[in-house]
Structures are given as C-alpha cells and as structure tokens.
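Peer 1: What follows is entry17.cif, mmCIF, C-alpha atoms.
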```cif
data_protein
#
loop_
_atom_site.label_atom_id
_atom_site.label_comp_id
_atom_site.auth_asym_id
_atom_site.auth_seq_id
_atom_site.Cartn_x
_atom_site.Cartn_y
_atom_site.Cartn_z
CA MET A 248 118.83 12.72 24.69
CA HIS A 249 117.34 12.01 21.31
CA TYR A 250 116.64 8.39 22.28
CA ALA A 251 115.07 9.47 25.57
CA GLN A 252 112.65 11.82 23.76
CA THR A 253 111.65 9.12 21.30
CA PHE A 254 111.06 6.67 24.14
CA GLU A 255 108.79 9.15 25.91
CA ALA A 256 106.82 10.04 22.79
CA THR A 257 105.83 6.50 21.85
CA ALA A 258 105.30 3.18 23.50
CA PRO A 259 108.25 0.80 23.95
CA ARG A 260 108.83 -1.06 20.68
CA ILE A 261 109.48 -4.74 20.67
CA ARG A 262 111.14 -5.99 17.53
CA THR A 263 109.05 -8.72 15.98
CA GLY A 264 110.66 -11.45 13.92
CA PRO A 265 109.22 -13.86 11.35
CA GLY A 266 108.31 -16.32 14.13
CA HIS A 267 106.16 -13.73 15.85
CA LYS A 268 104.46 -12.85 12.57
CA LEU A 269 103.75 -16.50 11.89
CA VAL A 270 102.18 -16.87 15.35
CA SER A 271 100.05 -13.78 14.66
CA VAL A 272 98.85 -15.17 11.31
CA LEU A 273 97.99 -18.54 12.90
CA TRP A 274 96.21 -16.75 15.73
CA LEU A 275 94.16 -14.72 13.21
CA LEU A 276 93.28 -17.93 11.34
CA GLY A 277 92.11 -19.40 14.65
CA ILE A 278 89.92 -16.33 15.26
CA GLY A 279 88.51 -16.73 11.75
CA GLY A 280 87.72 -20.37 12.59
CA VAL A 281 85.89 -19.34 15.75
CA TRP A 282 83.83 -16.80 13.82
CA TRP A 283 83.09 -19.38 11.12
CA ALA A 284 81.66 -21.75 13.76
CA VAL A 285 79.62 -18.97 15.43
CA THR A 286 78.25 -17.78 12.08
CA ARG A 287 77.24 -21.30 10.95
CA ARG A 288 75.37 -21.75 14.22
CA GLN A 289 73.67 -18.36 13.79
CA ILE A 290 72.60 -19.36 10.26
CA ASP A 291 71.20 -22.64 11.56
CA GLN A 292 69.31 -20.91 14.37
CA ALA A 293 67.92 -18.22 12.07
CA GLY A 294 66.54 -20.90 9.74
CA PHE A 295 68.26 -19.43 6.68
CA ASP A 296 68.71 -22.94 5.30
CA ALA A 297 64.93 -23.35 5.02
CA VAL A 298 64.49 -19.96 3.39
CA MET A 299 67.33 -20.43 0.92
CA GLY A 300 66.30 -23.99 0.18
CA ALA A 301 62.77 -22.85 -0.63
CA SER A 302 64.09 -20.21 -2.98
CA GLY A 303 66.03 -22.82 -4.92
CA ALA A 304 69.44 -21.51 -3.86
CA PRO A 305 72.12 -24.21 -3.77
CA ALA A 306 73.33 -25.48 -0.39
CA MET A 307 76.74 -24.01 -1.21
CA SER A 308 75.18 -20.57 -0.70
CA LEU A 309 75.12 -21.13 3.06
CA GLY A 310 78.88 -21.69 3.02
CA TRP A 311 79.36 -18.55 0.98
CA LEU A 312 77.07 -16.66 3.37
CA ALA A 313 79.16 -17.77 6.35
CA ALA A 314 82.45 -17.06 4.53
CA SER A 315 81.36 -13.58 3.48
CA SER A 316 80.23 -12.91 7.04
CA VAL A 317 83.66 -13.90 8.41
CA PHE A 318 85.43 -11.77 5.78
CA GLY A 319 83.06 -8.93 6.63
CA ARG A 320 83.98 -9.34 10.29
CA PHE A 321 87.69 -9.00 9.49
CA ALA A 322 86.97 -6.04 7.20
CA SER A 323 85.13 -4.41 10.09
CA VAL A 324 88.10 -5.08 12.40
CA GLY A 325 90.35 -3.59 9.72
CA CYS A 326 88.24 -0.44 9.42
CA GLU A 327 88.14 -0.02 13.20
CA SER A 328 91.92 -0.45 13.46
CA LEU A 329 92.47 1.90 10.52
CA PHE A 330 90.33 4.59 12.12
CA TYR A 331 92.23 4.49 15.43
CA TRP A 332 95.56 4.35 13.56
CA ALA A 333 94.56 7.43 11.54
CA TRP A 334 93.23 9.22 14.61
CA TRP A 335 96.42 8.83 16.68
CA ARG A 336 98.74 9.31 13.70
CA SER A 337 97.01 12.62 12.91
CA PHE A 338 98.13 13.77 16.35
CA GLY A 339 101.66 12.60 15.62
CA ALA A 340 101.54 9.64 18.01
CA GLY A 341 103.30 6.37 17.21
CA PHE A 342 100.81 3.64 16.37
CA ARG A 343 101.39 0.23 14.78
CA PHE A 344 98.46 -0.79 12.62
CA ALA A 345 99.25 -4.52 12.30
CA ARG A 346 99.76 -5.01 16.02
CA PHE A 347 96.55 -3.14 16.86
CA PHE A 348 94.66 -5.11 14.18
CA VAL A 349 95.61 -8.35 15.96
CA VAL A 350 94.48 -6.87 19.30
CA VAL A 351 91.10 -5.74 17.93
CA ALA A 352 90.59 -9.11 16.18
CA SER A 353 91.39 -10.85 19.49
CA LEU A 354 88.90 -8.63 21.33
CA SER A 355 86.24 -9.63 18.81
CA LEU A 356 86.33 -13.02 20.56
CA ILE A 357 84.37 -11.30 23.36
CA ASP A 358 81.60 -10.71 20.80
CA ALA A 359 81.90 -14.31 19.59
CA GLY A 360 81.56 -15.58 23.17
CA SER A 361 78.64 -13.25 23.84
CA ASP A 362 76.86 -14.33 20.62
CA THR A 363 77.40 -18.02 21.44
CA LEU A 364 76.07 -17.61 24.98
CA GLN A 365 73.04 -15.72 23.64
CA MET A 366 72.28 -18.59 21.24
CA LEU A 367 72.67 -21.17 24.01
CA ILE A 368 70.40 -19.21 26.34
CA ARG A 369 67.74 -18.74 23.65
CA ASP A 370 67.85 -22.48 22.90
CA ALA A 371 68.18 -23.99 26.36
CA ALA A 372 67.24 -21.44 29.01
CA PRO A 373 65.08 -18.61 27.63
CA GLY A 374 64.03 -17.76 31.19
CA LEU A 375 67.56 -16.49 31.87
CA ALA A 376 67.52 -14.11 28.89
CA ARG A 377 66.15 -11.06 30.69
CA TRP A 378 68.57 -11.54 33.60
CA LEU A 379 71.66 -11.90 31.42
CA ALA A 380 70.69 -9.17 28.92
CA PRO A 381 72.56 -6.45 30.90
CA VAL A 382 75.73 -8.57 30.60
CA LEU A 383 75.51 -10.02 27.09
CA GLY A 384 73.53 -7.29 25.33
CA ALA A 385 70.16 -5.60 25.64
CA GLY A 386 68.94 -7.40 22.49
CA LEU A 387 68.90 -10.71 24.38
CA ALA A 388 65.70 -9.60 26.11
CA SER A 389 63.84 -9.68 22.77
CA ALA A 390 63.43 -12.43 20.18
CA PRO A 391 66.33 -12.71 17.69
CA GLY A 392 66.02 -10.03 15.02
CA ALA A 393 62.76 -8.74 16.46
CA HIS A 394 63.54 -5.23 17.63
CA ALA A 395 60.71 -2.78 18.01
CA SER A 396 62.73 -0.04 16.32
CA ALA A 397 65.93 0.53 14.39
CA LEU A 398 67.23 2.35 17.48
CA GLY A 399 66.69 -0.80 19.57
CA GLY A 400 68.40 -2.90 16.92
CA ALA A 401 71.42 -0.58 16.74
CA PHE A 402 71.97 -0.68 20.51
CA ALA A 403 71.09 -4.39 20.91
CA THR A 404 74.70 -5.25 21.79
CA PHE A 405 74.92 -2.76 24.66
CA GLY A 406 75.88 -4.52 27.88
CA LEU A 407 78.80 -5.31 30.16
CA CYS A 408 80.53 -7.32 27.40
CA ALA A 409 80.41 -4.28 25.07
CA LEU A 410 81.78 -2.07 27.86
CA LEU A 411 84.59 -4.57 28.51
CA ARG A 412 85.49 -4.56 24.81
CA ILE A 413 85.49 -0.74 24.77
CA ALA A 414 87.70 -0.58 27.88
CA LEU A 415 90.20 -3.12 26.50
CA THR A 416 90.31 -1.37 23.11
CA ALA A 417 91.07 1.89 24.92
CA TRP A 418 93.72 0.18 27.04
CA ALA A 419 95.40 -1.19 23.90
CA GLN A 420 95.48 2.32 22.40
CA ALA A 421 96.90 3.77 25.62
CA ARG A 422 99.60 1.11 25.57
CA GLU A 423 100.34 1.71 21.90
CA THR A 424 100.56 5.50 22.18
CA GLY A 425 102.19 5.63 25.62
CA ARG A 426 99.37 7.80 27.01
CA SER A 427 97.17 7.44 30.06
CA ILE A 428 93.85 5.70 29.43
CA GLY A 429 91.62 8.80 29.76
CA LEU A 430 91.71 10.16 26.21
CA PRO A 431 91.78 6.73 24.48
CA LEU A 432 88.72 5.74 26.54
CA LEU A 433 86.91 8.91 25.50
CA VAL A 434 87.82 8.37 21.82
CA THR A 435 86.74 4.71 21.92
CA LEU A 436 83.44 5.50 23.65
CA ALA A 437 82.75 8.26 21.11
CA GLY A 438 83.68 5.90 18.25
CA TRP A 439 81.34 3.20 19.57
CA LEU A 440 78.51 5.68 20.00
CA VAL A 441 78.97 7.12 16.50
CA THR A 442 78.97 3.64 14.91
CA ARG A 443 75.73 2.79 16.80
CA LEU A 444 74.16 6.04 15.55
CA ALA A 445 75.31 5.28 12.01
CA LEU A 446 73.81 1.78 12.31
CA TRP A 447 70.53 3.26 13.59
CA TRP A 448 70.37 5.72 10.69
CA GLY A 449 71.37 3.06 8.17
CA LEU A 450 68.69 0.62 9.40
CA ASP A 451 66.07 3.38 9.31
CA LEU A 452 67.08 4.35 5.77
CA ALA A 453 66.95 0.72 4.64
CA ARG A 454 63.47 0.07 6.06
CA GLY A 455 61.85 3.45 5.36
CA MET A 456 58.31 3.39 6.77
CA SER A 457 58.25 -0.44 6.79
CA PRO A 458 58.04 -1.90 10.29
CA LEU A 459 60.79 -4.13 11.66
CA SER A 460 58.55 -6.26 13.86
CA MET B 160 105.36 21.20 4.44
CA THR B 161 107.62 19.50 7.00
CA PRO B 162 108.02 15.70 6.80
CA ALA B 163 106.28 15.29 10.18
CA ARG B 164 103.31 17.37 9.06
CA GLY B 165 103.20 15.49 5.78
CA ARG B 166 103.01 12.19 7.66
CA ARG B 167 100.01 13.49 9.59
CA SER B 168 98.01 14.84 6.65
CA LEU B 169 96.95 11.46 5.21
CA PRO B 170 95.59 10.08 8.52
CA LEU B 171 93.91 13.44 9.17
CA LEU B 172 92.28 13.26 5.73
CA PHE B 173 91.02 9.74 6.52
CA VAL B 174 89.48 10.89 9.82
CA ALA B 175 87.89 13.87 8.05
CA VAL B 176 86.43 11.60 5.34
CA CYS B 177 84.97 9.28 8.03
CA ALA B 178 83.42 12.25 9.87
CA THR B 179 81.98 13.61 6.62
CA LEU B 180 80.45 10.24 5.71
CA VAL B 181 78.79 9.91 9.13
CA LEU B 182 77.50 13.48 8.90
CA ALA B 183 76.12 12.84 5.40
CA LEU B 184 74.39 9.68 6.65
CA GLY B 185 72.87 11.62 9.54
CA LEU B 186 71.59 14.37 7.22
CA SER B 187 70.13 11.77 4.83
CA TRP B 188 68.38 10.09 7.76
CA ALA B 189 66.96 13.40 9.03
CA HIS B 190 65.76 14.30 5.51
CA ASP B 191 64.15 10.87 5.11
CA ARG B 192 62.41 11.02 8.50
CA MET B 193 61.00 14.48 7.77
CA ALA B 194 59.73 13.57 4.29
CA PRO B 195 55.93 13.88 3.97
CA TRP B 196 55.11 10.19 3.39
CA SER B 197 51.47 9.39 2.62
CA GLU B 198 49.57 6.78 4.58
CA PRO B 199 49.07 3.76 2.30
CA ARG B 200 45.64 3.44 0.68
CA PHE B 201 44.62 0.74 -1.74
CA GLU B 202 43.00 2.24 -4.81
CA PRO B 203 43.04 -0.31 -7.66
CA ALA B 204 43.13 2.50 -10.23
CA GLN B 205 46.61 3.45 -9.01
CA PHE B 206 47.98 0.10 -10.08
CA VAL B 207 47.90 -2.08 -13.18
CA ALA B 208 46.07 -5.38 -12.70
CA VAL B 209 48.12 -8.35 -13.89
CA GLY B 210 46.84 -11.80 -14.84
CA PRO B 211 43.25 -12.95 -14.20
CA PRO B 212 40.76 -10.26 -13.06
CA PRO B 213 41.12 -9.61 -9.32
CA ALA B 214 38.53 -11.28 -7.12
CA ILE B 215 38.39 -8.88 -4.19
CA ASP B 216 34.80 -7.65 -4.35
CA GLY B 217 33.09 -7.96 -0.97
CA ALA B 218 36.39 -8.58 0.84
CA ARG B 219 36.51 -7.61 4.50
CA GLU B 220 40.31 -7.28 4.42
CA LEU B 221 42.93 -7.31 1.68
CA TRP B 222 46.41 -8.57 2.50
CA LEU B 223 48.71 -7.09 -0.12
CA ILE B 224 52.22 -8.55 -0.11
CA ALA B 225 54.99 -6.40 -1.63
CA VAL B 226 56.98 -8.60 -3.96
CA ASN B 227 59.89 -7.99 -6.28
CA PRO B 228 60.28 -10.62 -9.02
CA LEU B 229 64.06 -10.67 -8.43
CA CYS B 230 63.76 -11.19 -4.65
CA PRO B 231 64.88 -14.78 -3.89
CA HIS B 232 62.96 -14.98 -0.58
CA CYS B 233 59.66 -13.44 -1.69
CA ARG B 234 58.13 -16.80 -2.64
CA GLN B 235 58.78 -18.03 0.92
CA HIS B 236 57.22 -14.87 2.39
CA LEU B 237 54.22 -15.30 0.08
CA ALA B 238 53.74 -18.91 1.21
CA ARG B 239 53.94 -17.83 4.85
CA ALA B 240 51.40 -15.04 4.32
CA ALA B 241 49.05 -17.47 2.55
CA ALA B 242 49.37 -19.91 5.45
CA ALA B 243 48.66 -17.20 8.03
CA LEU B 244 45.65 -15.81 6.17
CA PRO B 245 42.57 -16.03 8.42
CA ARG B 246 40.31 -18.63 6.80
CA GLY B 247 36.63 -17.99 6.10
CA SER B 248 36.72 -14.41 7.27
CA GLY B 249 36.47 -12.62 3.95
CA THR B 250 40.19 -11.86 3.84
CA ARG B 251 41.81 -11.85 0.40
CA LEU B 252 45.47 -12.14 -0.55
CA GLY B 253 47.02 -10.05 -3.30
CA ILE B 254 50.48 -9.43 -4.74
CA LEU B 255 51.87 -5.97 -5.42
CA LEU B 256 54.82 -6.13 -7.83
CA VAL B 257 57.15 -3.35 -6.65
CA ASP B 258 60.40 -1.83 -7.93
CA THR B 259 59.69 -3.34 -11.33
CA PRO B 260 60.30 -0.77 -14.09
CA LYS B 261 59.00 -3.11 -16.78
CA LEU B 262 56.27 -5.69 -16.29
CA PRO B 263 57.87 -9.16 -16.58
CA ALA B 264 56.71 -10.91 -19.78
CA ALA B 265 55.79 -14.04 -17.80
CA PRO B 266 55.43 -12.87 -14.17
CA ALA B 267 57.36 -15.10 -11.79
CA PHE B 268 54.30 -15.48 -9.56
CA ALA B 269 51.75 -16.19 -12.28
CA ASN B 270 51.23 -19.74 -11.06
CA VAL B 271 50.65 -18.73 -7.43
CA VAL B 272 47.01 -18.82 -6.33
CA VAL B 273 46.11 -15.35 -5.09
CA ASP B 274 43.01 -13.19 -5.35
CA GLY B 275 44.70 -10.48 -7.34
CA MET B 276 48.01 -9.23 -8.65
CA TRP B 277 48.90 -5.62 -9.36
CA TRP B 278 51.94 -3.89 -10.84
CA ASP B 279 53.01 -0.75 -8.99
CA VAL B 280 53.78 1.12 -12.18
CA ARG B 281 53.98 4.56 -10.50
CA ASP B 282 56.32 3.41 -7.72
CA THR B 283 53.69 4.39 -5.16
CA TRP B 284 54.86 1.85 -2.58
CA ARG B 285 58.36 3.32 -2.41
CA ARG B 286 57.98 6.96 -3.44
CA ARG B 287 54.64 7.92 -1.85
CA TRP B 288 54.27 5.49 1.02
CA GLY B 289 58.00 5.32 1.86
CA HIS B 290 58.01 1.53 2.31
CA ARG B 291 61.15 -0.42 1.37
CA VAL B 292 61.05 -3.99 2.70
CA TYR B 293 60.11 -6.77 0.26
CA GLY B 294 57.82 -9.47 1.61
CA GLU B 295 55.92 -7.24 4.02
CA VAL B 296 52.13 -7.50 4.05
CA LEU B 297 50.07 -4.32 3.92
CA VAL B 298 46.60 -4.89 5.35
CA PHE B 299 43.68 -2.80 4.06
CA ASP B 300 40.00 -2.93 4.92
CA GLY B 301 37.31 -3.58 2.31
CA GLY B 302 37.26 0.11 1.40
CA GLY B 303 41.00 0.27 0.79
CA ARG B 304 41.75 2.04 4.09
CA TYR B 305 45.13 1.16 5.60
CA LEU B 306 44.98 -0.93 8.78
CA ARG B 307 48.53 -2.16 9.51
CA THR B 308 51.70 -3.68 8.05
CA LEU B 309 53.01 -7.13 8.94
CA PRO B 310 56.79 -7.52 8.54
CA PRO B 311 58.23 -10.29 6.36
CA GLY B 312 58.39 -13.62 8.15
CA PHE B 313 55.75 -12.77 10.75
CA GLU B 314 54.72 -15.83 12.73
CA SER B 315 50.94 -15.54 12.72
CA ALA B 316 48.07 -13.18 12.15
CA PRO B 317 47.69 -10.66 14.98
#
```
What would the structure in this file look like if it were written as structure tokens?
Peer 2:
Amino acid sequence: MHYAQTFEATAPRIRTGPGHKLVSVLWLLGIGGVWWAVTRRQIDQAGFDAVMGASGAPAMSLGWLAASSVFGRFASVGCESLFYWAWWRSFGAGFRFARFFVVVASLSLIDAGSDTLQMLIRDAAPGLARWLAPVLGAGLASAPGAHASALGGAFATFGLCALLRIALTAWAQARETGRSIGLPLLVTLAGWLVTRLALWWGLDLARGMSPLS
Amino acid sequence: MTPARGRRSLPLLFVAVCATLVLALGLSWAHDRMAPWSEPRFEPAQFVAVGPPPAIDGARELWLIAVNPLCPHCRQHLARAAAALPRGSGTRLGILLVDTPKLPAAPAFANVVVDGMWWDVRDTWRRRWGHRVYGEVLVFDGGGRYLRTLPPGFESAP
C-alpha cells in the first residue's frame, strides 16, 4: 500500500548509474560545444571583433566573451531548472533537479537551431526573414539588435520555436511530477511571460530615455 | 514543523524571493518611467569646457556624443559619428564627458579632433535628461534646442 501511494505521488524513478551520469556529462559538454559555435558565429556577424580591435582589446577577449556567454547560458538553464524544482517541491511533488537540468539544457538546442537559422537567413536569404519570423522569432523581421523598443526586444524570440520549447518544458515537468500537462503548461507559460516582462523592464531601466534604434 | 513541511519551506522561500525580485524590478521600472525627465537642451553654461575653446559659434547643428573615459567602445562610436557628420552643412561635433566624478588629468580624448569638449559636472545627462547609453549622439540646433538622439553605432545620418 505504501509503495502504491508513493508510485502515484511521483513519477516512476529509474535508477541511474555512473554510466548514465557520464553520458549526461558528455551530452552537456556537447551542448556547450554547440553553444560555443553559435556564439562565435554571432560575435562574427555582430562585428564585435572590429569594435574590440579598435578599442585595443586583445583578441583573446573574443574567446572570453564567447566562453562567458556559454557559461551564462548554462547559468540561465540552471536558474530555470531551479525555479521549476522549487515550484513543484513547494507543493510537495517529487522533482529531480539534475535530470530536469539536462532536459532544459537539451531543449536549449531549439534556441541554438533557431539562432543559427536566423543568422543564415540574414546572411543568405534576407527576403525570407519576414516569412520565417513567425516560426523562428518575431525579431527576425527586424535588423539584428535593432528593435524599436525594449518591449520589442524582450519579445523578439516569440514564435513557433519558443512555443515548442515551452510545450516540451511543460511536458518534462508533467513527466517528472506525474501530473497531467495542464498545470505545468500554465506554470511554464506564466514563467516565460514573467521573464519577458522582466527583460523588458530591465532593458528599459538600462537605456533610460536613450533610444535603442 | 513536520519533516514534509520543512522540506517544502526552502523551495517556497526561493519562489517567494523570485516573485519579490520581479515585483521590485517592475516597481523600479514604473517609477523610472513616471519620473519627470527634462527634454535635453544644450546650454554651455551647464557644463565645464575642457581643452581648447569650443568652436561652435554659427553652427547650424551640434552633434554631442556622450562619452565615458572608461568606456572601451566610445572611441569607435566617436569615429563613426565623425564619419557620418554631414560635411559642409555647418554641423559641429562635440564630446560630452559623462559619469565622470573627477575630470581626468589628461582626458583620454584630448587628441581627437572635435569642435568642443565639455565635462558634465552636474550629471545633467543622467539625472535630468534620463539618458544612460554611452556613445549616443544628441543632436541640437544652433540655439541649443534638442532635435533628436542617434543611438550608438548608427549607420548614417538620417
């Protein structure tokens, strides 16, 4: 009876051995490698090398910029995972942080793919940008970094890819907590919306009355 | 406190801290947006002229670039603004040293050819005008009236 109650309250647990942990670590390193490549390409496209070169910064700075961006990406994944862990744990639900961290890091590959496609489209087929913006992100319709307002900049990633990431994050929570997808989807949507609002407010506070474009 | 409740209190505290931080950010944003910022106006008496006497008499427009001596990219923004300056139209280029509590002994931009350099000693740019982005160009007419602001890294003169 006791075991039956436990089984109902939380998702089925699969014991993970050292081999599984090693695979997870290697997988995370691979994700870090993907983000490193995407970030270096973004730096090249943004022309940061010219700016930093003109300011007398050493070339090594570009490597540090990319490395700090990748670490920042993992820190962001960690914060997101920690929030959902805390949210479900505060309701008494079973939730494994490390496992969910790997899931969220894996889902960040959707963002990496979207960013890469956006760069390719801007470089090779700018005419397609407005047609693919609803899929890859509303920001694709404008020049990189040139958003008319902080609000536009905060919601620049909104598109089908963002919705897919939200849905899969919610599905992972539903699987982890043993619930139906309804409440996890609501929590994830609310979390996404709040982070966009926070980004909007943060951008506005950073720029003050200075225009963005 | 039961063990189960104890296990929930730390995650609940974390969620509460997150919610409080977001709320505080939202309140700061609302306060900032409602602040009575003044429209920029260039009055030389508000600032301290630095270096050679400014040569802006008879100017049709003054492009004033906000520069912080510690900003690594400001020199690049200054070069871009100088390149985009409309030639032969009576437009002058000036530097406004902002967020600089003490005037640098040997200003980092002393060797840059501009028509004037001023030190924003009263923090007017940030505290009265509400501007915060280094490298932006504030455009004034010959009478010091504000016309527009060009963001850092703008491609060409509008």
Peer 1: Tell me the residues of chain B close to chain A, meaning within 7 Å using all atoms listed in the file, as a list in words.
Peer 2: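 Therefore, the residues near the partner are Arg167, Ser168, Pro170, Leu171, Phe173, Val174, Val181, Leu184, Gly185, Trp188, Pro231, His232, Arg234, Gln235, Gly289, His290, Arg291, Val292, Thr308 and Pro310 of chain B.
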Peer 1: Given the choices A:Gly386, A:Gly360, A:Gly429, A:Gly310, which gets closest to A:Trp283 if the distance is worked out from all atoms listed in the file?
Peer 2: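 Selected residue with least distance to A:Trp283: A:Gly310.
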Peer 1: With distances taken over all atoms listed in the file, which residue among A:Ser271, A:Gln365, A:Ser427, A:Ser308 lies nearest A:Ala380?
Peer 2: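 Residue with the minimum atom-to-atom distance to A:Ala380: A:Gln365.
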Peer 1: One decimal, Å: what's the distance from atom CA of A:Ala437 over to atom CA of A:Leu410, could you say?
Peer 2: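 Here the two named atoms are 12.4 Å from each other.
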Peer 1: Output, as lines of an AutoDock Vina configuration file, the centre and edge lengths in Å (one decimal) of the axis-aligned box that contains all listed atoms of stretch 327-338 of chain A with 5 Å of margin on each side.
Peer 2:
```
center_x = 93.4
center_y = 6.7
center_z = 13.6
size_x = 20.6
size_y = 24.2
size_z = 16.2
```
Peer 1: Counting only C-alpha atoms, what is within 9 Å of B:Tyr305, bar same-chain residues fewer than 4 positions away, as JSON, numbers by chain?
Peer 2: {"B": [198, 199, 200, 201, 297, 298, 299, 300]}
